[in-house]
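Structure file model.cif (mmCIF, C-alpha atoms) is printed below.
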```
data_entry
loop_
_atom_site.label_atom_id
_atom_site.label_comp_id
_atom_site.auth_asym_id
_atom_site.auth_seq_id
_atom_site.Cartn_x
_atom_site.Cartn_y
_atom_site.Cartn_z
CA MET L 15 84.80 104.89 124.75
CA ILE L 16 88.34 105.35 123.46
CA HIS L 17 90.73 104.54 126.29
CA ARG L 18 92.63 107.35 128.00
CA CYS L 19 95.63 106.80 130.21
CA ARG L 20 98.96 108.22 131.33
CA PHE L 21 102.46 106.98 130.69
CA ASP L 22 104.12 105.60 133.79
CA GLU L 23 107.83 106.43 133.78
CA ASP L 24 108.67 103.09 135.43
CA GLN L 25 106.02 100.76 133.96
CA GLY L 26 105.27 102.39 130.60
CA LEU L 27 101.77 101.58 129.29
CA ASP L 28 99.73 99.33 131.54
CA ALA L 29 97.86 96.20 130.47
CA ASP L 30 94.55 98.04 130.09
CA ALA L 31 96.08 100.51 127.65
CA ARG L 32 97.71 97.74 125.61
CA ALA L 33 94.44 95.80 125.47
CA ALA L 34 92.52 98.93 124.46
CA TYR L 35 94.93 99.60 121.60
CA ALA L 36 94.52 96.06 120.30
CA ARG L 37 90.72 96.31 120.56
CA ASP L 38 90.15 99.86 119.29
CA GLY L 39 93.22 100.59 117.19
CA VAL L 40 93.81 103.76 119.20
CA VAL L 41 94.79 104.90 122.68
CA VAL L 42 95.05 108.41 124.15
CA ILE L 43 98.03 109.09 126.43
CA GLU L 44 97.42 112.30 128.36
CA ASP L 45 100.20 114.64 129.56
CA PHE L 46 102.84 112.77 127.59
CA VAL L 47 104.73 115.89 126.52
CA ALA L 48 105.50 118.89 128.73
CA ALA L 49 104.01 122.24 127.75
CA ALA L 50 107.50 123.72 127.34
CA GLN L 51 108.39 121.05 124.77
CA CYS L 52 105.20 121.77 122.85
CA GLU L 53 105.90 125.48 122.82
CA ALA L 54 109.48 124.93 121.66
CA LEU L 55 108.28 122.79 118.76
CA ARG L 56 105.63 125.36 117.86
CA GLU L 57 108.25 128.12 117.87
CA ARG L 58 110.55 126.11 115.61
CA ALA L 59 107.69 125.36 113.23
CA MET L 60 106.93 129.07 112.92
CA GLU L 61 110.63 129.77 112.25
CA LEU L 62 110.56 127.21 109.44
CA VAL L 63 107.47 128.88 107.99
CA THR L 64 109.24 132.25 108.03
CA GLU L 65 112.31 130.72 106.39
CA ARG L 66 110.64 128.52 103.78
CA ALA L 67 107.10 129.65 103.00
CA PRO L 68 108.07 132.74 100.96
CA HIS L 69 110.08 130.49 98.62
CA ALA L 70 107.61 127.60 98.38
CA PRO L 71 105.71 127.11 95.10
CA GLY L 72 102.24 127.44 96.65
CA THR L 73 101.19 123.80 96.62
CA VAL L 74 97.77 123.42 98.26
CA PHE L 75 97.21 120.37 100.44
CA SER L 76 93.68 119.01 100.10
CA THR L 77 92.27 115.61 101.02
CA ARG L 78 89.21 116.28 98.86
CA ASP L 79 90.87 116.11 95.44
CA GLN L 80 94.45 114.97 96.22
CA ARG L 81 95.74 117.46 93.67
CA HIS L 82 98.96 117.88 95.62
CA ALA L 83 99.80 114.23 94.95
CA GLN L 84 100.72 114.98 91.33
CA ASP L 85 103.09 117.79 92.28
CA ALA L 86 106.83 117.06 92.05
CA TYR L 87 107.36 119.33 95.05
CA PHE L 88 105.11 117.07 97.12
CA GLU L 89 107.02 113.92 96.16
CA ALA L 90 110.37 115.60 96.90
CA SER L 91 109.12 116.55 100.37
CA GLY L 92 109.42 112.89 101.36
CA HIS L 93 113.12 113.55 101.90
CA ASP L 94 112.89 117.30 102.59
CA ILE L 95 110.87 119.87 104.55
CA GLY L 96 108.11 121.08 102.27
CA VAL L 97 105.57 123.85 102.88
CA PHE L 98 101.95 123.22 101.91
CA PHE L 99 99.17 125.80 102.01
CA GLU L 100 95.52 125.92 103.01
CA GLU L 101 93.14 126.03 100.06
CA ASP L 102 91.29 129.03 101.49
CA ALA L 103 94.52 130.98 101.94
CA PHE L 104 94.12 132.10 98.30
CA ASP L 105 91.38 134.07 96.60
CA ALA L 106 89.74 133.13 93.29
CA ALA L 107 92.57 134.79 91.37
CA GLY L 108 95.22 132.82 93.26
CA ALA L 109 96.43 135.70 95.39
CA MET L 110 97.14 135.05 99.06
CA GLN L 111 94.44 136.67 101.17
CA VAL L 112 95.82 136.03 104.68
CA PRO L 113 99.23 136.74 106.24
CA ILE L 114 101.71 134.08 105.14
CA GLU L 115 102.21 132.81 108.69
CA ARG L 116 98.46 132.08 108.81
CA SER L 117 98.34 130.45 105.37
CA VAL L 118 100.28 127.20 105.85
CA ASN L 119 98.43 123.89 106.16
CA LYS L 120 101.45 121.79 107.10
CA LEU L 121 105.19 121.22 106.98
CA GLY L 122 106.43 117.81 105.89
CA HIS L 123 107.68 115.17 105.59
CA ALA L 124 111.26 114.62 106.87
CA LEU L 125 111.30 117.08 109.77
CA HIS L 126 112.29 114.30 112.16
CA ASP L 127 115.53 113.62 110.29
CA LEU L 128 116.49 117.05 108.96
CA ASP L 129 115.77 119.51 111.76
CA PRO L 130 117.54 119.19 115.15
CA VAL L 131 114.57 120.46 117.19
CA PHE L 132 112.13 118.08 115.52
CA ASN L 133 114.64 115.24 115.69
CA ALA L 134 114.97 115.64 119.47
CA PHE L 135 111.18 115.76 119.90
CA SER L 136 110.64 112.71 117.69
CA ARG L 137 113.01 110.30 119.40
CA GLY L 138 113.83 108.96 122.83
CA PRO L 139 113.27 106.03 125.18
CA ARG L 140 109.71 107.02 126.14
CA LEU L 141 108.49 106.84 122.54
CA GLN L 142 110.47 103.65 122.07
CA ALA L 143 108.66 102.21 125.10
CA VAL L 144 105.24 103.18 123.75
CA ALA L 145 106.04 101.61 120.39
CA GLY L 146 107.13 98.40 122.06
CA ALA L 147 104.06 98.30 124.30
CA ILE L 148 101.65 98.40 121.36
CA GLY L 149 103.60 95.75 119.49
CA LEU L 150 105.65 97.72 116.95
CA ILE L 151 108.83 95.68 116.47
CA ASP L 152 112.08 97.29 115.27
CA PRO L 153 110.40 100.66 114.51
CA ARG L 154 111.47 102.92 111.66
CA LEU L 155 110.26 106.52 111.32
CA ILE L 156 109.01 107.14 107.79
CA GLN L 157 107.43 110.59 107.83
CA SER L 158 106.62 113.58 110.01
CA MET L 159 104.13 116.41 109.59
CA TYR L 160 103.55 119.61 111.54
CA ILE L 161 99.89 120.51 111.00
CA PHE L 162 98.66 124.06 111.69
CA LYS L 163 94.86 123.79 111.28
CA GLN L 164 94.75 127.55 110.83
CA PRO L 165 92.03 129.65 112.49
CA GLY L 166 89.14 130.40 110.16
CA ILE L 167 90.54 128.53 107.13
CA GLY L 168 91.83 125.21 108.49
CA GLY L 169 90.67 122.62 105.99
CA GLU L 170 88.53 119.56 106.63
CA VAL L 171 90.31 116.19 106.50
CA ASN L 172 88.09 113.43 105.16
CA CYS L 173 87.81 110.08 106.91
CA HIS L 174 90.85 108.05 105.89
CA GLN L 175 93.39 105.44 106.99
CA ASP L 176 97.05 106.36 107.15
CA SER L 177 98.18 102.94 105.89
CA THR L 178 96.54 103.93 102.62
CA TYR L 179 99.47 106.26 102.00
CA LEU L 180 102.28 104.35 103.71
CA HIS L 181 101.77 100.63 103.83
CA THR L 182 103.92 97.63 104.56
CA GLU L 183 103.59 93.90 104.02
CA PRO L 184 102.28 92.86 106.51
CA GLU L 185 100.66 96.12 107.65
CA THR L 186 102.60 97.67 110.54
CA VAL L 187 102.03 101.44 110.21
CA VAL L 188 101.48 103.31 113.49
CA GLY L 189 100.66 107.01 113.87
CA PHE L 190 101.91 109.10 116.79
CA TRP L 191 99.82 112.31 116.93
CA PHE L 192 100.88 115.00 119.41
CA ALA L 193 98.59 117.85 120.48
CA ILE L 194 100.87 120.88 120.37
CA GLU L 195 97.86 123.02 121.27
CA ASP L 196 94.51 122.11 122.84
CA ALA L 197 92.24 120.35 120.32
CA HIS L 198 88.44 120.54 120.62
CA ARG L 199 85.34 120.35 118.44
CA GLY L 200 85.50 124.07 117.77
CA ASN L 201 88.97 124.07 116.22
CA GLY L 202 88.92 120.75 114.38
CA CYS L 203 89.99 117.99 116.77
CA LEU L 204 90.42 114.41 115.59
CA GLY L 205 87.51 112.02 115.35
CA GLY L 206 87.79 108.29 114.84
CA LEU L 207 86.03 104.96 114.50
CA PRO L 208 87.33 102.64 117.24
CA GLY L 209 87.61 98.97 116.34
CA GLN L 210 87.05 99.47 112.63
CA HIS L 211 90.76 99.13 111.86
CA ARG L 212 90.17 95.37 111.98
CA GLN L 213 88.12 95.53 108.77
CA GLY L 214 91.19 96.21 106.62
CA LEU L 215 92.03 99.00 104.17
CA LYS L 216 89.64 100.70 101.76
CA GLU L 217 92.34 101.77 99.30
CA LEU L 218 96.08 102.12 98.68
CA PHE L 219 97.91 105.14 97.31
CA LEU L 220 100.45 103.70 94.85
CA ARG L 221 102.83 104.74 92.11
CA GLN L 222 101.41 103.92 88.69
CA PRO L 223 103.32 102.68 85.61
CA ASP L 224 103.42 106.27 84.26
CA GLY L 225 105.09 107.47 87.48
CA ARG L 226 102.02 109.25 88.81
CA PHE L 227 100.26 108.30 92.05
CA ALA L 228 96.66 107.16 92.40
CA LEU L 229 94.31 105.63 94.94
CA GLU L 230 93.55 101.99 94.20
CA PRO L 231 90.38 100.56 95.84
CA GLN L 232 90.87 97.35 97.77
CA THR L 233 88.51 94.38 97.54
CA PRO L 234 86.56 93.75 99.63
CA ALA L 235 86.53 97.36 100.84
CA PRO L 236 85.24 97.88 104.40
CA ARG L 237 82.13 99.93 105.05
CA TRP L 238 82.69 102.33 107.89
CA ASP L 239 79.97 102.78 110.47
CA MET L 240 80.04 106.55 110.99
CA SER L 241 77.51 106.26 113.81
CA ALA L 242 80.41 104.95 115.92
CA LEU L 243 82.40 108.17 115.51
CA GLU L 244 84.09 109.44 118.69
CA TRP L 245 85.63 112.88 118.99
CA LEU L 246 89.06 113.16 120.61
CA GLU L 247 89.08 116.45 122.46
CA VAL L 248 92.50 116.62 124.12
CA ARG L 249 94.76 119.02 125.94
CA GLN L 250 98.17 120.25 124.87
CA GLY L 251 100.79 117.55 125.44
CA THR L 252 98.49 114.60 124.71
CA LEU L 253 99.77 111.78 122.51
CA VAL L 254 97.25 109.84 120.42
CA VAL L 255 98.65 106.53 119.15
CA PHE L 256 96.70 104.76 116.40
CA ASP L 257 96.94 101.82 114.06
CA GLY L 258 97.54 102.71 110.42
CA ALA L 259 94.15 101.21 109.52
CA PHE L 260 92.27 103.23 112.16
CA PRO L 261 89.73 105.41 110.25
CA HIS L 262 89.91 109.03 111.40
CA LEU L 263 89.05 112.55 110.29
CA SER L 264 88.91 116.17 111.39
CA GLU L 265 86.46 118.96 110.71
CA ALA L 266 87.29 122.34 109.22
CA ASN L 267 88.46 124.97 111.68
CA ARG L 268 86.24 128.02 111.49
CA SER L 269 87.11 129.23 114.99
CA ALA L 270 89.55 131.94 116.05
CA ASP L 271 91.89 129.31 117.56
CA SER L 272 94.55 127.38 115.71
CA ARG L 273 95.00 123.65 116.38
CA HIS L 274 98.67 122.84 115.96
CA ALA L 275 99.61 119.15 115.98
CA TYR L 276 102.64 117.05 115.10
CA THR L 277 102.40 113.57 113.60
CA LEU L 278 104.96 110.81 113.18
CA HIS L 279 104.44 107.61 111.24
CA ALA L 280 106.51 104.54 111.97
CA VAL L 281 106.64 101.02 110.57
CA SER L 282 108.35 97.79 111.55
CA GLY L 283 111.80 97.39 110.07
CA ARG L 284 111.03 93.69 109.72
CA ALA L 285 108.14 94.28 107.32
CA ARG L 286 108.50 94.77 103.57
CA TYR L 287 108.31 98.44 102.54
CA PRO L 288 107.05 98.42 98.92
CA ALA L 289 108.65 100.48 96.17
CA GLY L 290 105.16 101.74 95.26
CA ASN L 291 104.95 103.88 98.41
CA TRP L 292 105.32 107.56 97.65
CA ILE L 293 107.99 108.20 100.32
CA GLN L 294 111.29 106.62 99.35
CA ARG L 295 114.83 107.30 100.44
CA ARG L 296 117.29 107.85 97.60
CA GLU L 297 120.12 105.35 97.81
CA GLY L 298 123.46 107.04 98.31
CA VAL L 299 121.79 110.43 98.89
CA ASP L 300 119.43 110.21 101.87
CA PRO L 301 120.04 108.55 105.23
CA PRO L 302 118.18 105.26 105.75
CA PHE L 303 115.00 105.18 107.83
CA LYS L 304 115.91 105.16 111.53
CA GLY L 305 114.08 104.33 114.73
CA PHE L 306 113.32 106.17 117.97
CA ALA L 307 116.86 105.77 119.36
#
```
Written as structure tokens, how would this file's structure read?
Amino acid sequence: MIHRCRFDEDQGLDADARAAYARDGVVVIEDFVAAAQCEALRERAMELVTERAPHAPGTVFSTRDQRHAQDAYFEASGHDIGVFFEEDAFDAAGAMQVPIERSVNKLGHALHDLDPVFNAFSRGPRLQAVAGAIGLIDPRLIQSMYIFKQPGIGGEVNCHQDSTYLHTEPETVVGFWFAIEDAHRGNGCLGGLPGQHRQGLKELFLRQPDGRFALEPQTPAPRWDMSALEWLEVRQGTLVVFDGAFPHLSEANRSADSRHAYTLHAVSGRARYPAGNWIQRREGVDPPFKGFA
């Protein structure tokens, strides 16, 4: 079973939690964030939707066909706050068929640097302590995503590894996934394959010579044992920390409940961050990647 624990304000993560992370590639830290903090982040996310969604180009985020990956708006969101829509928010003619505030799949991918509310949520000594406990040295925050998992139309996310999309040499990517609302099987909670991060990466998402991005299979590619799948039903305020190679997924949300979550991805500042990664900071324009401090 995937290990569940609490963060001790004096001791941080205990030895059992650190060992579980090394073994499984994931650990669940319950009650890490106060409900008031979750609600404040949710409120700010909805304000950003109101401000930005009416002016966004309508890029659909889908893990099935990765069509968003060839959109210039998607690439620019690496140093901005982009708005991406649910596929089922639009009818066959391309017209939006739900209220705009119920149409957004996610906001991303520089919320943690560009918005004061998200910046405050994304940094601090407690997150620094968690990163240190699981072995992330000299952390740098690369991307952030606020995920809505909208009621009725929240899209399925196929089994994947986050280091596919943001990798380092050696691999150091860590995901910090916060439950802003309760997550359960009915509304599309996370599921994962503990221990299978040790098999390596199936593929890498890299810039091609023509400037486009594509998934490149890795050899030998691991074969995931889906019979080992565990569902991570968690309450609001839970933090799920996982290795970038940890295979995970979520089902479509066909319930009447949304499943808001916020995700940060960090890497070690001592690892090489390849130029082929899709998120890059523009020299002389964007601030450099910073840590939890």
- [ ] Expand the PyMOL selection byres ((chain L and resi 16) around 7) into the individual residues it matches in the shown file, reporting them as a list in words.
- [x]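 That selection, the PyMOL selection byres ((chain L and resi 16) around 7), comes back as Met15, His17, Arg18, Val41 and Pro208 of chain L.
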Quick one: which segment 42-78 of chain L residues come within 10 Å of segment 253-261 of chain L, and what is the nearest atom pair for each with the distance in Å to one decimal, counting only C-alpha atoms, rows ordered by chain and ascending number, as CSV?
```
residue,atom,partner,partner_atom,distance
L:Val42,CA,L:Val254,CA,4.6
L:Ile43,CA,L:Leu253,CA,5.1
L:Glu44,CA,L:Leu253,CA,6.3
L:Asp45,CA,L:Leu253,CA,7.6
L:Phe46,CA,L:Leu253,CA,6.0
L:Val47,CA,L:Leu253,CA,7.6
```
TODO: List, as a list in words, every residue that the PyMOL selection byres ((chain L and resi 194-207) around 6) selects in the file provided.
DONE: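 Taken on the displayed file, the PyMOL selection byres ((chain L and resi 194-207) around 6) yields the residues Cys52, Phe192, Ala193, Pro208, Gln210, Ala242, Leu243, Glu244, Trp245, Leu246, Glu247, Val248, Arg249, Gln250, Pro261, His262, Leu263, Ser264, Glu265, Ala266, Asn267, Ser269, Arg273, His274 and Ala275 of chain L.
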TODO: Work out how far atom CA of Gly92 of chain L is from atom CA of Gly166 of chain L, in Å to one decimal.
DONE: 28.2 Å
Task: Close residues, Ser282 of chain L itself excluded, 8 Å, only C-alpha atoms, min 3 positions apart in chain, as a ChimeraX atom specification - done: /L:150-154,186-187,285
Can those selected residues be exported to a file as a short mmCIF file (atom, residue, chain, number, x, y, z; two decimals), in the coordinates of the input so that it contains C-alpha atoms?
```
data_model
loop_
_atom_site.label_atom_id
_atom_site.label_comp_id
_atom_site.auth_asym_id
_atom_site.auth_seq_id
_atom_site.Cartn_x
_atom_site.Cartn_y
_atom_site.Cartn_z
CA LEU L 150 105.65 97.72 116.95
CA ILE L 151 108.83 95.68 116.47
CA ASP L 152 112.08 97.29 115.27
CA PRO L 153 110.40 100.66 114.51
CA ARG L 154 111.47 102.92 111.66
CA THR L 186 102.60 97.67 110.54
CA VAL L 187 102.03 101.44 110.21
CA ALA L 285 108.14 94.28 107.32
#
```
TODO: Could you check how far atom CA of Gln157 of chain L sits from atom CA of Leu62 of chain L, in Å to one decimal?
DONE: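 Between these atoms lies a distance of 17.0 Å.
Minimum atom-to-atom distance to Gly305 of chain L, evaluated using all atoms listed in the file, belongs to L:Arg137 out of L:His123, L:Arg137, L:His174, L:Arg268.
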Task: One-decimal distance in Å that lies between atom CA of Pro68 of chain L and atom CA of Gly96 of chain L - done: 11.7 Å
Task: Given only C-alpha atoms as the counted atoms, nearest of L:Gly138, L:Gln111, L:Asn119, L:Arg56 to Thr73 of chain L - done: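 Smallest distance to Thr73 of chain L is found for L:Asn119.
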Task: Residue contacts of Leu215 of chain L (12 Å, all atoms listed in the file) excluding same-chain residues fewer than 5 positions away, as a VMD selection string - done: chain L and resid 174 to 182 185 187 210 229 to 238 257 to 261
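With only C-alpha atoms as the atoms that count, the residue of L:Arg32, L:Glu217, L:Gly122, L:Ala86 with the shortest distance to Gly149 of chain L is L:Arg32.
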Task: Selected residue of minimal separation from Pro288 of chain L among L:Glu183, L:Asp300, L:Asp239, L:Glu115, counting only C-alpha atoms - done: L:Glu183
Task: Explicit residue set for the PyMOL selection byres ((chain L and resi 101-103) around 6), as a ChimeraX atom specification - done: /L:74,100,104,110-112,117,167
Using all atoms listed in the file, which residues sit within 8 Å of Ala124 of chain L once same-chain residues fewer than 5 positions away are excluded, as a CSV table (one decimal) with C-alpha atoms, in the coordinates of the input?
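Output contents, as saved in part-v3.csv:
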```csv
chain,number,residue,atom,x,y,z
L,91,SER,CA,109.1,116.6,100.4
L,92,GLY,CA,109.4,112.9,101.4
L,93,HIS,CA,113.1,113.6,101.9
L,94,ASP,CA,112.9,117.3,102.6
L,95,ILE,CA,110.9,119.9,104.6
L,156,ILE,CA,109.0,107.1,107.8
L,157,GLN,CA,107.4,110.6,107.8
L,158,SER,CA,106.6,113.6,110.0
L,159,MET,CA,104.1,116.4,109.6
```
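Minimum atom-to-atom distances from L:Tyr276, L:Phe227, L:Phe303, L:Phe135 to Ala50 of chain L were compared using only C-alpha atoms, and the lowest value belongs to L:Phe135.
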Can you rebuild segment 171-197 of chain L with N, CA, C and O atoms and give it as an mmCIF file, keeping the file's coordinate frame?
```
data_model
loop_
_atom_site.group_PDB
_atom_site.id
_atom_site.type_symbol
_atom_site.label_atom_id
_atom_site.label_comp_id
_atom_site.auth_asym_id
_atom_site.auth_seq_id
_atom_site.Cartn_x
_atom_site.Cartn_y
_atom_site.Cartn_z
ATOM 1 N N VAL L 171 89.590 117.394 106.928
ATOM 2 C CA VAL L 171 90.310 116.190 106.500
ATOM 3 C C VAL L 171 89.311 115.048 106.484
ATOM 4 O O VAL L 171 88.738 114.689 107.518
ATOM 5 N N ASN L 172 89.071 114.487 105.313
ATOM 6 C CA ASN L 172 88.090 113.430 105.160
ATOM 7 C C ASN L 172 88.498 112.170 105.927
ATOM 8 O O ASN L 172 89.672 111.953 106.216
ATOM 9 N N CYS L 173 87.516 111.326 106.214
ATOM 10 C CA CYS L 173 87.810 110.080 106.910
ATOM 11 C C CYS L 173 88.737 109.231 106.044
ATOM 12 O O CYS L 173 88.462 108.985 104.861
ATOM 13 N N HIS L 174 89.829 108.786 106.648
ATOM 14 C CA HIS L 174 90.850 108.050 105.890
ATOM 15 C C HIS L 174 91.625 107.149 106.830
ATOM 16 O O HIS L 174 91.471 107.193 108.055
ATOM 17 N N GLN L 175 92.489 106.325 106.250
ATOM 18 C CA GLN L 175 93.390 105.440 106.990
ATOM 19 C C GLN L 175 94.815 105.749 106.558
ATOM 20 O O GLN L 175 95.117 105.787 105.362
ATOM 21 N N ASP L 176 95.702 105.941 107.506
ATOM 22 C CA ASP L 176 97.050 106.360 107.150
ATOM 23 C C ASP L 176 97.827 105.283 106.406
ATOM 24 O O ASP L 176 98.725 105.595 105.618
ATOM 25 N N SER L 177 97.502 104.003 106.634
ATOM 26 C CA SER L 177 98.180 102.940 105.890
ATOM 27 C C SER L 177 97.849 102.984 104.400
ATOM 28 O O SER L 177 98.536 102.345 103.598
ATOM 29 N N THR L 178 96.817 103.717 104.030
ATOM 30 C CA THR L 178 96.540 103.930 102.620
ATOM 31 C C THR L 178 97.741 104.541 101.924
ATOM 32 O O THR L 178 98.075 104.190 100.788
ATOM 33 N N TYR L 179 98.410 105.457 102.611
ATOM 34 C CA TYR L 179 99.470 106.260 102.000
ATOM 35 C C TYR L 179 100.868 105.749 102.311
ATOM 36 O O TYR L 179 101.821 106.081 101.598
ATOM 37 N N LEU L 180 101.000 104.956 103.353
ATOM 38 C CA LEU L 180 102.280 104.350 103.710
ATOM 39 C C LEU L 180 101.975 102.951 104.215
ATOM 40 O O LEU L 180 101.593 102.790 105.377
ATOM 41 N N HIS L 181 102.120 101.965 103.382
ATOM 42 C CA HIS L 181 101.770 100.630 103.830
ATOM 43 C C HIS L 181 102.988 99.717 103.823
ATOM 44 O O HIS L 181 104.006 100.004 103.168
ATOM 45 N N THR L 182 102.887 98.646 104.559
ATOM 46 C CA THR L 182 103.920 97.630 104.560
ATOM 47 C C THR L 182 103.268 96.261 104.398
ATOM 48 O O THR L 182 102.049 96.128 104.482
ATOM 49 N N GLU L 183 104.078 95.273 104.155
ATOM 50 C CA GLU L 183 103.590 93.900 104.020
ATOM 51 C C GLU L 183 104.322 93.025 105.028
ATOM 52 O O GLU L 183 105.518 92.778 104.864
ATOM 53 N N PRO L 184 103.664 92.556 106.112
ATOM 54 C CA PRO L 184 102.280 92.860 106.510
ATOM 55 C C PRO L 184 102.152 94.303 106.997
ATOM 56 O O PRO L 184 103.151 94.997 107.189
ATOM 57 N N GLU L 185 100.899 94.742 107.219
ATOM 58 C CA GLU L 185 100.660 96.120 107.650
ATOM 59 C C GLU L 185 101.180 96.350 109.070
ATOM 60 O O GLU L 185 100.813 95.609 109.997
ATOM 61 N N THR L 186 102.034 97.359 109.218
ATOM 62 C CA THR L 186 102.600 97.670 110.540
ATOM 63 C C THR L 186 102.602 99.151 110.855
ATOM 64 O O THR L 186 103.179 99.571 111.857
ATOM 65 N N VAL L 187 101.974 99.994 110.024
ATOM 66 C CA VAL L 187 102.030 101.440 110.210
ATOM 67 C C VAL L 187 101.362 101.844 111.525
ATOM 68 O O VAL L 187 100.273 101.373 111.864
ATOM 69 N N VAL L 188 102.030 102.735 112.268
ATOM 70 C CA VAL L 188 101.480 103.310 113.490
ATOM 71 C C VAL L 188 101.656 104.823 113.429
ATOM 72 O O VAL L 188 102.722 105.324 113.050
ATOM 73 N N GLY L 189 100.607 105.558 113.789
ATOM 74 C CA GLY L 189 100.660 107.010 113.870
ATOM 75 C C GLY L 189 100.836 107.473 115.305
ATOM 76 O O GLY L 189 100.210 106.936 116.218
ATOM 77 N N PHE L 190 101.683 108.475 115.490
ATOM 78 C CA PHE L 190 101.910 109.100 116.790
ATOM 79 C C PHE L 190 101.548 110.580 116.624
ATOM 80 O O PHE L 190 102.299 111.334 116.013
ATOM 81 N N TRP L 191 100.389 110.966 117.140
ATOM 82 C CA TRP L 191 99.820 112.310 116.930
ATOM 83 C C TRP L 191 99.912 113.094 118.241
ATOM 84 O O TRP L 191 99.331 112.697 119.248
ATOM 85 N N PHE L 192 100.653 114.201 118.222
ATOM 86 C CA PHE L 192 100.880 115.000 119.410
ATOM 87 C C PHE L 192 100.073 116.304 119.346
ATOM 88 O O PHE L 192 100.151 117.035 118.350
ATOM 89 N N ALA L 193 99.320 116.580 120.395
ATOM 90 C CA ALA L 193 98.590 117.850 120.480
ATOM 91 C C ALA L 193 99.554 118.932 120.944
ATOM 92 O O ALA L 193 99.922 118.989 122.117
ATOM 93 N N ILE L 194 99.980 119.778 120.024
ATOM 94 C CA ILE L 194 100.870 120.880 120.370
ATOM 95 C C ILE L 194 100.070 122.031 120.971
ATOM 96 O O ILE L 194 100.589 122.830 121.748
ATOM 97 N N GLU L 195 98.806 122.103 120.636
ATOM 98 C CA GLU L 195 97.860 123.020 121.270
ATOM 99 C C GLU L 195 96.613 122.211 121.643
ATOM 100 O O GLU L 195 96.418 121.102 121.146
ATOM 101 N N ASP L 196 95.768 122.779 122.505
ATOM 102 C CA ASP L 196 94.510 122.110 122.840
ATOM 103 C C ASP L 196 93.710 121.862 121.554
ATOM 104 O O ASP L 196 93.668 122.714 120.653
ATOM 105 N N ALA L 197 93.076 120.706 121.479
ATOM 106 C CA ALA L 197 92.240 120.350 120.320
ATOM 107 C C ALA L 197 90.837 120.058 120.808
ATOM 108 O O ALA L 197 90.638 119.240 121.714
#
```
